[in-house]
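A.B. asks: Next comes the structure file final.pdb, holding PDB, C-alpha atoms, pLDDT in the B column.
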```pdb
ATOM      1  CA  MET A   1      71.206 -52.532 -36.138  1.00 39.00           C
ATOM      2  CA  PRO A   2      74.742 -52.867 -37.530  1.00 44.00           C
ATOM      3  CA  HIS A   3      75.983 -56.207 -38.802  1.00 46.00           C
ATOM      4  CA  SER A   4      77.514 -58.290 -36.061  1.00 45.00           C
ATOM      5  CA  GLY A   5      80.364 -59.934 -37.872  1.00 51.00           C
ATOM      6  CA  PRO A   6      81.575 -60.939 -41.313  1.00 57.00           C
ATOM      7  CA  LEU A   7      78.682 -62.257 -43.356  1.00 58.00           C
ATOM      8  CA  HIS A   8      80.947 -64.456 -45.430  1.00 55.00           C
ATOM      9  CA  LEU A   9      81.925 -66.462 -42.320  1.00 57.00           C
ATOM     10  CA  ILE A  10      78.277 -67.157 -41.600  1.00 59.00           C
ATOM     11  CA  LEU A  11      77.757 -68.246 -45.177  1.00 56.00           C
ATOM     12  CA  LEU A  12      80.820 -70.486 -45.105  1.00 54.00           C
ATOM     13  CA  PHE A  13      79.503 -72.087 -41.913  1.00 59.00           C
ATOM     14  CA  ALA A  14      76.184 -72.660 -43.688  1.00 57.00           C
ATOM     15  CA  LEU A  15      78.056 -74.321 -46.559  1.00 53.00           C
ATOM     16  CA  LYS A  16      79.632 -76.772 -44.135  1.00 55.00           C
ATOM     17  CA  LEU A  17      76.209 -77.622 -42.778  1.00 55.00           C
ATOM     18  CA  PHE A  18      74.820 -78.067 -46.301  1.00 53.00           C
ATOM     19  CA  ARG A  19      77.389 -80.741 -47.089  1.00 54.00           C
ATOM     20  CA  ASN A  20      75.687 -83.005 -44.575  1.00 51.00           C
ATOM     21  CA  LEU A  21      72.126 -82.229 -45.714  1.00 54.00           C
ATOM     22  CA  ASP A  22      70.201 -83.274 -48.794  1.00 51.00           C
ATOM     23  CA  ILE A  23      69.736 -79.767 -50.207  1.00 53.00           C
ATOM     24  CA  SER A  24      69.384 -78.830 -53.854  1.00 56.00           C
ATOM     25  CA  ARG A  25      72.445 -77.790 -55.821  1.00 55.00           C
ATOM     26  CA  ALA A  26      70.777 -74.452 -56.591  1.00 55.00           C
ATOM     27  CA  ILE A  27      70.645 -73.518 -52.896  1.00 54.00           C
ATOM     28  CA  ARG A  28      74.252 -74.615 -52.351  1.00 51.00           C
ATOM     29  CA  ALA A  29      75.343 -72.616 -55.409  1.00 53.00           C
ATOM     30  CA  LYS A  30      73.552 -69.482 -54.116  1.00 54.00           C
ATOM     31  CA  VAL A  31      75.323 -69.710 -50.751  1.00 54.00           C
ATOM     32  CA  LEU A  32      78.674 -70.260 -52.468  1.00 52.00           C
ATOM     33  CA  VAL A  33      78.184 -67.169 -54.657  1.00 50.00           C
ATOM     34  CA  MET A  34      77.207 -65.055 -51.651  1.00 52.00           C
ATOM     35  CA  ALA A  35      80.362 -66.177 -49.884  1.00 56.00           C
ATOM     36  CA  SER A  36      82.520 -65.287 -52.891  1.00 71.00           C
ATOM     37  CA  ALA A  37      81.418 -61.730 -53.763  1.00 92.00           C
ATOM     38  CA  LEU A  38      84.382 -60.216 -51.879  1.00 95.00           C
ATOM     39  CA  PRO A  39      87.076 -61.355 -54.366  1.00 95.00           C
ATOM     40  CA  PHE A  40      85.072 -59.919 -57.297  1.00 96.00           C
ATOM     41  CA  VAL A  41      84.536 -56.588 -55.525  1.00 97.00           C
ATOM     42  CA  LYS A  42      88.258 -56.469 -54.634  1.00 97.00           C
ATOM     43  CA  ARG A  43      89.041 -56.992 -58.327  1.00 97.00           C
ATOM     44  CA  VAL A  44      86.806 -54.035 -59.250  1.00 97.00           C
ATOM     45  CA  TRP A  45      88.413 -51.910 -56.472  1.00 97.00           C
ATOM     46  CA  SER A  46      91.867 -52.770 -57.853  1.00 97.00           C
ATOM     47  CA  SER A  47      90.692 -51.554 -61.259  1.00 97.00           C
ATOM     48  CA  PHE A  48      89.588 -48.236 -59.695  1.00 97.00           C
ATOM     49  CA  LEU A  49      93.022 -47.855 -58.095  1.00 97.00           C
ATOM     50  CA  ALA A  50      94.810 -48.659 -61.352  1.00 97.00           C
ATOM     51  CA  THR A  51      92.760 -46.500 -63.725  1.00 96.00           C
ATOM     52  CA  SER A  52      91.043 -43.695 -61.788  1.00 95.00           C
ATOM     53  CA  GLY A  53      92.520 -40.298 -61.060  1.00 94.00           C
ATOM     54  CA  LEU A  54      90.788 -39.628 -57.707  1.00 94.00           C
ATOM     55  CA  GLU A  55      90.691 -42.822 -55.640  1.00 93.00           C
ATOM     56  CA  PRO A  56      94.437 -43.620 -55.761  1.00 93.00           C
ATOM     57  CA  ILE A  57      95.168 -40.134 -54.412  1.00 93.00           C
ATOM     58  CA  LEU A  58      92.320 -39.652 -51.920  1.00 94.00           C
ATOM     59  CA  ILE A  59      91.597 -43.119 -50.483  1.00 95.00           C
ATOM     60  CA  PRO A  60      94.223 -45.688 -51.539  1.00 95.00           C
ATOM     61  CA  ARG A  61      94.188 -47.392 -48.132  1.00 96.00           C
ATOM     62  CA  LEU A  62      90.446 -48.091 -48.035  1.00 97.00           C
ATOM     63  CA  LYS A  63      89.952 -51.657 -46.770  1.00 97.00           C
ATOM     64  CA  LEU A  64      87.225 -53.919 -48.094  1.00 97.00           C
ATOM     65  CA  LEU A  65      86.022 -56.057 -45.192  1.00 96.00           C
ATOM     66  CA  ASP A  66      83.016 -57.938 -46.492  1.00 95.00           C
ATOM     67  CA  ALA A  67      80.869 -58.299 -49.601  1.00 96.00           C
ATOM     68  CA  VAL A  68      77.834 -60.320 -50.574  1.00 94.00           C
ATOM     69  CA  PRO A  69      75.527 -59.589 -53.520  1.00 95.00           C
ATOM     70  CA  GLY A  70      74.029 -56.177 -52.831  1.00 95.00           C
ATOM     71  CA  TYR A  71      76.175 -55.290 -49.784  1.00 96.00           C
ATOM     72  CA  VAL A  72      79.759 -54.123 -49.154  1.00 97.00           C
ATOM     73  CA  LYS A  73      81.432 -53.168 -45.863  1.00 97.00           C
ATOM     74  CA  MET A  74      84.614 -51.055 -45.785  1.00 97.00           C
ATOM     75  CA  GLU A  75      86.959 -49.459 -43.267  1.00 97.00           C
ATOM     76  CA  LEU A  76      89.022 -46.293 -43.541  1.00 97.00           C
ATOM     77  CA  THR A  77      91.470 -44.699 -41.128  1.00 97.00           C
ATOM     78  CA  ILE A  78      91.153 -40.924 -41.419  1.00 98.00           C
ATOM     79  CA  GLU A  79      94.336 -39.276 -42.699  1.00 97.00           C
ATOM     80  CA  LYS A  80      95.319 -35.603 -42.935  1.00 97.00           C
ATOM     81  CA  SER A  81      94.358 -35.563 -46.635  1.00 96.00           C
ATOM     82  CA  HIS A  82      90.777 -36.523 -45.664  1.00 97.00           C
ATOM     83  CA  THR A  83      90.242 -33.520 -43.368  1.00 97.00           C
ATOM     84  CA  ASN A  84      89.127 -29.897 -43.647  1.00 97.00           C
ATOM     85  CA  ARG A  85      90.646 -26.822 -41.994  1.00 97.00           C
ATOM     86  CA  LEU A  86      88.945 -27.781 -38.711  1.00 97.00           C
ATOM     87  CA  GLN A  87      91.032 -30.977 -38.817  1.00 97.00           C
ATOM     88  CA  ILE A  88      87.917 -33.201 -38.999  1.00 97.00           C
ATOM     89  CA  LEU A  89      86.708 -35.456 -41.811  1.00 98.00           C
ATOM     90  CA  HIS A  90      85.925 -33.278 -44.841  1.00 98.00           C
ATOM     91  CA  GLY A  91      82.419 -33.417 -46.306  1.00 97.00           C
ATOM     92  CA  GLY A  92      83.963 -33.726 -49.767  1.00 97.00           C
ATOM     93  CA  THR A  93      85.758 -36.892 -48.684  1.00 98.00           C
ATOM     94  CA  VAL A  94      82.438 -38.312 -47.467  1.00 98.00           C
ATOM     95  CA  ALA A  95      80.742 -37.369 -50.765  1.00 98.00           C
ATOM     96  CA  SER A  96      83.551 -39.053 -52.730  1.00 98.00           C
ATOM     97  CA  LEU A  97      83.125 -42.144 -50.560  1.00 98.00           C
ATOM     98  CA  VAL A  98      79.371 -42.198 -51.272  1.00 98.00           C
ATOM     99  CA  ASP A  99      80.241 -42.253 -54.972  1.00 98.00           C
ATOM    100  CA  LEU A 100      82.812 -45.032 -54.603  1.00 98.00           C
ATOM    101  CA  ALA A 101      80.868 -47.117 -52.054  1.00 98.00           C
ATOM    102  CA  GLY A 102      77.748 -46.936 -54.228  1.00 98.00           C
ATOM    103  CA  SER A 103      79.800 -48.123 -57.191  1.00 98.00           C
ATOM    104  CA  LEU A 104      81.251 -51.018 -55.169  1.00 98.00           C
ATOM    105  CA  ALA A 105      77.746 -52.009 -54.029  1.00 98.00           C
ATOM    106  CA  VAL A 106      76.787 -52.173 -57.723  1.00 98.00           C
ATOM    107  CA  SER A 107      79.882 -54.300 -58.368  1.00 98.00           C
ATOM    108  CA  SER A 108      78.804 -56.717 -55.633  1.00 97.00           C
ATOM    109  CA  ARG A 109      75.879 -57.601 -57.914  1.00 96.00           C
ATOM    110  CA  GLY A 110      78.317 -58.738 -60.638  1.00 96.00           C
ATOM    111  CA  MET A 111      78.914 -55.432 -62.441  1.00 97.00           C
ATOM    112  CA  TYR A 112      82.599 -55.003 -63.277  1.00 97.00           C
ATOM    113  CA  SER A 113      81.727 -51.803 -65.125  1.00 97.00           C
ATOM    114  CA  THR A 114      79.642 -49.782 -62.666  1.00 97.00           C
ATOM    115  CA  GLY A 115      78.184 -47.033 -64.856  1.00 97.00           C
ATOM    116  CA  VAL A 116      78.091 -43.284 -64.275  1.00 98.00           C
ATOM    117  CA  SER A 117      76.453 -41.158 -61.592  1.00 98.00           C
ATOM    118  CA  THR A 118      73.101 -39.514 -62.241  1.00 98.00           C
ATOM    119  CA  ASP A 119      72.358 -38.429 -58.679  1.00 98.00           C
ATOM    120  CA  LEU A 120      74.318 -38.284 -55.429  1.00 98.00           C
ATOM    121  CA  ASN A 121      73.031 -37.044 -52.080  1.00 98.00           C
ATOM    122  CA  VAL A 122      74.750 -36.820 -48.693  1.00 98.00           C
ATOM    123  CA  THR A 123      73.272 -36.057 -45.289  1.00 98.00           C
ATOM    124  CA  TYR A 124      75.808 -35.118 -42.615  1.00 98.00           C
ATOM    125  CA  ILE A 125      74.564 -36.000 -39.120  1.00 97.00           C
ATOM    126  CA  SER A 126      77.679 -35.289 -37.065  1.00 96.00           C
ATOM    127  CA  SER A 127      81.455 -35.015 -37.410  1.00 94.00           C
ATOM    128  CA  GLY A 128      83.054 -38.155 -38.765  1.00 94.00           C
ATOM    129  CA  GLY A 129      86.182 -37.852 -36.663  1.00 95.00           C
ATOM    130  CA  LYS A 130      89.761 -36.660 -36.792  1.00 97.00           C
ATOM    131  CA  VAL A 131      93.099 -37.952 -38.066  1.00 97.00           C
ATOM    132  CA  GLY A 132      93.738 -41.480 -36.789  1.00 97.00           C
ATOM    133  CA  ASP A 133      90.062 -42.339 -36.191  1.00 96.00           C
ATOM    134  CA  LYS A 134      88.604 -45.327 -38.018  1.00 96.00           C
ATOM    135  CA  ILE A 135      85.278 -45.225 -39.781  1.00 97.00           C
ATOM    136  CA  PHE A 136      83.147 -48.020 -41.213  1.00 97.00           C
ATOM    137  CA  ILE A 137      81.203 -47.656 -44.436  1.00 98.00           C
ATOM    138  CA  GLU A 138      78.316 -49.924 -45.414  1.00 98.00           C
ATOM    139  CA  SER A 139      76.840 -49.711 -48.895  1.00 98.00           C
ATOM    140  CA  LYS A 140      73.834 -51.462 -50.393  1.00 98.00           C
ATOM    141  CA  CYS A 141      72.585 -51.862 -53.941  1.00 98.00           C
ATOM    142  CA  HIS A 142      68.811 -51.873 -53.537  1.00 97.00           C
ATOM    143  CA  LYS A 143      67.907 -52.293 -57.194  1.00 97.00           C
ATOM    144  CA  LEU A 144      69.852 -53.134 -60.315  1.00 96.00           C
ATOM    145  CA  GLY A 145      67.627 -52.462 -63.319  1.00 95.00           C
ATOM    146  CA  ARG A 146      68.304 -52.375 -67.049  1.00 94.00           C
ATOM    147  CA  ASN A 147      69.123 -48.655 -66.994  1.00 97.00           C
ATOM    148  CA  LEU A 148      69.624 -47.546 -63.388  1.00 98.00           C
ATOM    149  CA  ALA A 149      71.099 -48.855 -60.147  1.00 98.00           C
ATOM    150  CA  PHE A 150      69.989 -47.452 -56.787  1.00 98.00           C
ATOM    151  CA  THR A 151      72.344 -47.521 -53.800  1.00 98.00           C
ATOM    152  CA  SER A 152      72.596 -46.224 -50.247  1.00 98.00           C
ATOM    153  CA  VAL A 153      75.630 -45.714 -48.042  1.00 98.00           C
ATOM    154  CA  GLU A 154      75.956 -45.333 -44.259  1.00 98.00           C
ATOM    155  CA  PHE A 155      78.995 -44.078 -42.332  1.00 98.00           C
ATOM    156  CA  PHE A 156      79.755 -45.116 -38.737  1.00 98.00           C
ATOM    157  CA  LYS A 157      82.298 -43.999 -36.149  1.00 95.00           C
ATOM    158  CA  SER A 158      84.191 -47.148 -35.229  1.00 85.00           C
ATOM    159  CA  HIS A 159      84.424 -46.682 -31.471  1.00 75.00           C
ATOM    160  CA  LYS A 160      80.623 -46.636 -30.975  1.00 83.00           C
ATOM    161  CA  TYR A 161      79.343 -47.702 -34.390  1.00 88.00           C
ATOM    162  CA  GLU A 162      77.451 -44.406 -34.344  1.00 95.00           C
ATOM    163  CA  LEU A 163      75.919 -43.230 -37.624  1.00 97.00           C
ATOM    164  CA  PHE A 164      77.468 -39.892 -38.663  1.00 98.00           C
ATOM    165  CA  ALA A 165      76.495 -39.599 -42.338  1.00 98.00           C
ATOM    166  CA  ARG A 166      74.423 -41.316 -44.971  1.00 98.00           C
ATOM    167  CA  GLY A 167      74.002 -40.954 -48.683  1.00 98.00           C
ATOM    168  CA  THR A 168      72.266 -42.220 -51.770  1.00 98.00           C
ATOM    169  CA  HIS A 169      73.751 -42.734 -55.196  1.00 98.00           C
ATOM    170  CA  THR A 170      71.938 -43.478 -58.453  1.00 98.00           C
ATOM    171  CA  LYS A 171      73.929 -44.803 -61.395  1.00 98.00           C
ATOM    172  CA  TYR A 172      73.136 -45.034 -65.101  1.00 98.00           C
ATOM    173  CA  ILE A 173      74.218 -48.563 -66.088  1.00 98.00           C
ATOM    174  CA  ALA A 174      72.598 -49.222 -69.513  1.00 97.00           C
ATOM    175  CA  ALA A 175      75.952 -49.148 -71.339  1.00 96.00           C
ATOM    176  CA  ALA A 176      77.958 -50.705 -68.481  1.00 96.00           C
ATOM    177  CA  ILE A 177      75.640 -53.712 -68.250  1.00 94.00           C
ATOM    178  CA  LYS A 178      77.054 -54.939 -71.590  1.00 94.00           C
ATOM    179  CA  ASP A 179      80.671 -55.180 -70.319  1.00 95.00           C
ATOM    180  CA  GLU A 180      82.116 -58.643 -70.983  1.00 95.00           C
ATOM    181  CA  ASN A 181      83.773 -58.639 -67.539  1.00 95.00           C
ATOM    182  CA  ASN A 182      80.403 -58.466 -65.761  1.00 94.00           C
ATOM    183  CA  ARG A 183      79.213 -61.540 -63.838  1.00 92.00           C
ATOM    184  CA  LEU A 184      75.513 -60.693 -63.430  1.00 90.00           C
ATOM    185  CA  GLU A 185      74.266 -64.282 -63.340  1.00 86.00           C
ATOM    186  CA  GLU A 186      76.798 -65.259 -60.686  1.00 83.00           C
ATOM    187  CA  TYR A 187      75.989 -62.450 -58.257  1.00 83.00           C
ATOM    188  CA  LYS A 188      72.216 -62.088 -58.214  1.00 79.00           C
ATOM    189  CA  ALA A 189      70.950 -60.797 -54.887  1.00 71.00           C
TER     190      ALA A 189
END
```
Take the structure in this file and express it as structure tokens.

C.D. replies:
Amino acid sequence: MPHSGPLHLILLFALKLFRNLDISRAIRAKVLVMASALPFVKRVWSSFLATSGLEPILIPRLKLLDAVPGYVKMELTIEKSHTNRLQILHGGTVASLVDLAGSLAVSSRGMYSTGVSTDLNVTYISSGGKVGDKIFIESKCHKLGRNLAFTSVEFFKSHKYELFARGTHTKYIAAAIKDENNRLEEYKA
């Protein structure tokens, strides 16, 4: 079942409740971190836009909607540059989004440097839409190990929240995990 609203709002509501309860600082800190993953992921996305060759050209208007450790939700309005000769969302655009969304899911766990791809798979279920349609993308980082990170990505048509594609993305992170900009302790899932 798709998520029914911004997770960070639920977490912020929980924080307000915690102020009135005698709950350990560790629990309050965990909720605060979960509510604050979005700014970190936006910082990583800004770095992609500033330094990458592909993302600024293909998907500069991708919107980050929500992020908690291990999960990121995005929105994209399909543009002409995202389509194939049938004027529908190009499979290559979807594959590029699996790569990026998997990387952003890794970043939601505190990785500023998100490693390099070792495996990427896409399953196309139906057409993603045409120019002007909005799609939602949800990515998850299932495991962040010492060497590899494992992610999955799902694509939904916005008008029905109907799944039209899904992918997996494995990343080699052994070198990236040493980046001084990482915040691994702050964003544990």

A.B. asks: For Ser52 (chain A), which residue out of A:Leu100, A:Leu144, A:Val122, A:Val153 is the nearest one, using all atoms listed in the file?

C.D. replies: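 Counting all atoms listed in the file, the residue closest to Ser52 (chain A) is A:Leu100.
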
A.B. asks: Select, from A:Ser81, A:Ser127, A:Ser108, A:Ser36, the residue with the minimum atom-to-atom distance to Phe155 (chain A), counting only C-alpha atoms.

C.D. replies: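 Closest candidate: A:Ser127.
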
A.B. asks: Starting from the displayed file, determine the output of the PyMOL selection byres ((chain A and resi 105) around 7) and express the residue list as a VMD selection string.

C.D. replies: chain A and resid 70 to 72 101 to 104 106 to 108 139 to 141

A.B. asks: To one decimal place in Å, what is the distance between CA of Lys80 (chain A) and CA of Val131 (chain A)?

C.D. replies: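 CA of Val131 (chain A) lies at a distance of 5.8 Å from CA of Lys80 (chain A).
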
A.B. asks: Quick check, in Å to one decimal: how far apart do CA of Ile177 (chain A) and CA of Val116 (chain A) lie?

C.D. replies: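 Going from CA of Ile177 (chain A) over to CA of Val116 (chain A) covers 11.4 Å.
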
A.B. asks: Just region 98-124 of chain A, please, as a tab-separated table (two decimals), in the first residue's frame (only N, CA and C atoms).

C.D. replies:
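And here is the file that came out, selection-v4.tsv:
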```tsv
chain	number	residue	atom	x	y	z
A	98	VAL	N	16.21	4.96	-11.65
A	98	VAL	CA	16.53	3.89	-10.69
A	98	VAL	C	17.92	4.13	-10.10
A	99	ASP	N	18.86	4.49	-10.96
A	99	ASP	CA	20.22	4.78	-10.51
A	99	ASP	C	20.21	5.93	-9.50
A	100	LEU	N	19.60	7.04	-9.87
A	100	LEU	CA	19.59	8.21	-8.99
A	100	LEU	C	18.80	7.95	-7.71
A	101	ALA	N	17.59	7.39	-7.83
A	101	ALA	CA	16.75	7.16	-6.66
A	101	ALA	C	17.41	6.18	-5.69
A	102	GLY	N	18.09	5.16	-6.23
A	102	GLY	CA	18.83	4.25	-5.36
A	102	GLY	C	19.94	4.98	-4.62
A	103	SER	N	20.63	5.86	-5.32
A	103	SER	CA	21.69	6.65	-4.69
A	103	SER	C	21.12	7.56	-3.60
A	104	LEU	N	19.97	8.18	-3.85
A	104	LEU	CA	19.37	9.06	-2.84
A	104	LEU	C	18.86	8.26	-1.64
A	105	ALA	N	18.41	7.03	-1.87
A	105	ALA	CA	18.01	6.18	-0.74
A	105	ALA	C	19.23	5.87	0.14
A	106	VAL	N	20.38	5.63	-0.50
A	106	VAL	CA	21.63	5.42	0.24
A	106	VAL	C	21.98	6.69	1.02
A	107	SER	N	21.79	7.84	0.40
A	107	SER	CA	22.10	9.10	1.09
A	107	SER	C	21.19	9.32	2.30
A	108	SER	N	19.98	8.81	2.23
A	108	SER	CA	19.06	8.98	3.37
A	108	SER	C	19.54	8.24	4.62
A	109	ARG	N	20.52	7.36	4.46
A	109	ARG	CA	21.13	6.65	5.58
A	109	ARG	C	22.39	7.37	6.08
A	110	GLY	N	22.63	8.59	5.57
A	110	GLY	CA	23.76	9.39	6.03
A	110	GLY	C	24.97	9.37	5.12
A	111	MET	N	24.84	8.80	3.93
A	111	MET	CA	25.98	8.72	3.00
A	111	MET	C	25.95	9.91	2.05
A	112	TYR	N	26.86	10.85	2.24
A	112	TYR	CA	26.97	11.97	1.31
A	112	TYR	C	27.56	11.48	0.00
A	113	SER	N	28.58	10.64	0.10
A	113	SER	CA	29.17	9.98	-1.06
A	113	SER	C	28.43	8.65	-1.19
A	114	THR	N	27.83	8.38	-2.33
A	114	THR	CA	26.91	7.24	-2.42
A	114	THR	C	27.47	6.04	-3.18
A	115	GLY	N	28.76	6.04	-3.50
A	115	GLY	CA	29.37	4.88	-4.12
A	115	GLY	C	29.12	4.79	-5.61
A	116	VAL	N	29.41	3.61	-6.15
A	116	VAL	CA	29.25	3.36	-7.59
A	116	VAL	C	28.38	2.13	-7.81
A	117	SER	N	27.72	2.08	-8.94
A	117	SER	CA	26.80	0.98	-9.25
A	117	SER	C	27.55	-0.31	-9.56
A	118	THR	N	27.03	-1.41	-9.02
A	118	THR	CA	27.54	-2.73	-9.40
A	118	THR	C	26.48	-3.52	-10.14
A	119	ASP	N	25.22	-3.17	-9.93
A	119	ASP	CA	24.12	-3.90	-10.55
A	119	ASP	C	22.91	-2.98	-10.59
A	120	LEU	N	22.20	-2.99	-11.70
A	120	LEU	CA	20.97	-2.20	-11.84
A	120	LEU	C	20.00	-3.02	-12.68
A	121	ASN	N	18.78	-3.14	-12.20
A	121	ASN	CA	17.76	-3.92	-12.90
A	121	ASN	C	16.47	-3.12	-12.93
A	122	VAL	N	15.77	-3.17	-14.05
A	122	VAL	CA	14.48	-2.48	-14.18
A	122	VAL	C	13.47	-3.45	-14.76
A	123	THR	N	12.28	-3.46	-14.19
A	123	THR	CA	11.16	-4.20	-14.74
A	123	THR	C	10.09	-3.18	-15.12
A	124	TYR	N	9.71	-3.19	-16.40
A	124	TYR	CA	8.70	-2.27	-16.90
A	124	TYR	C	7.36	-3.01	-16.91
```
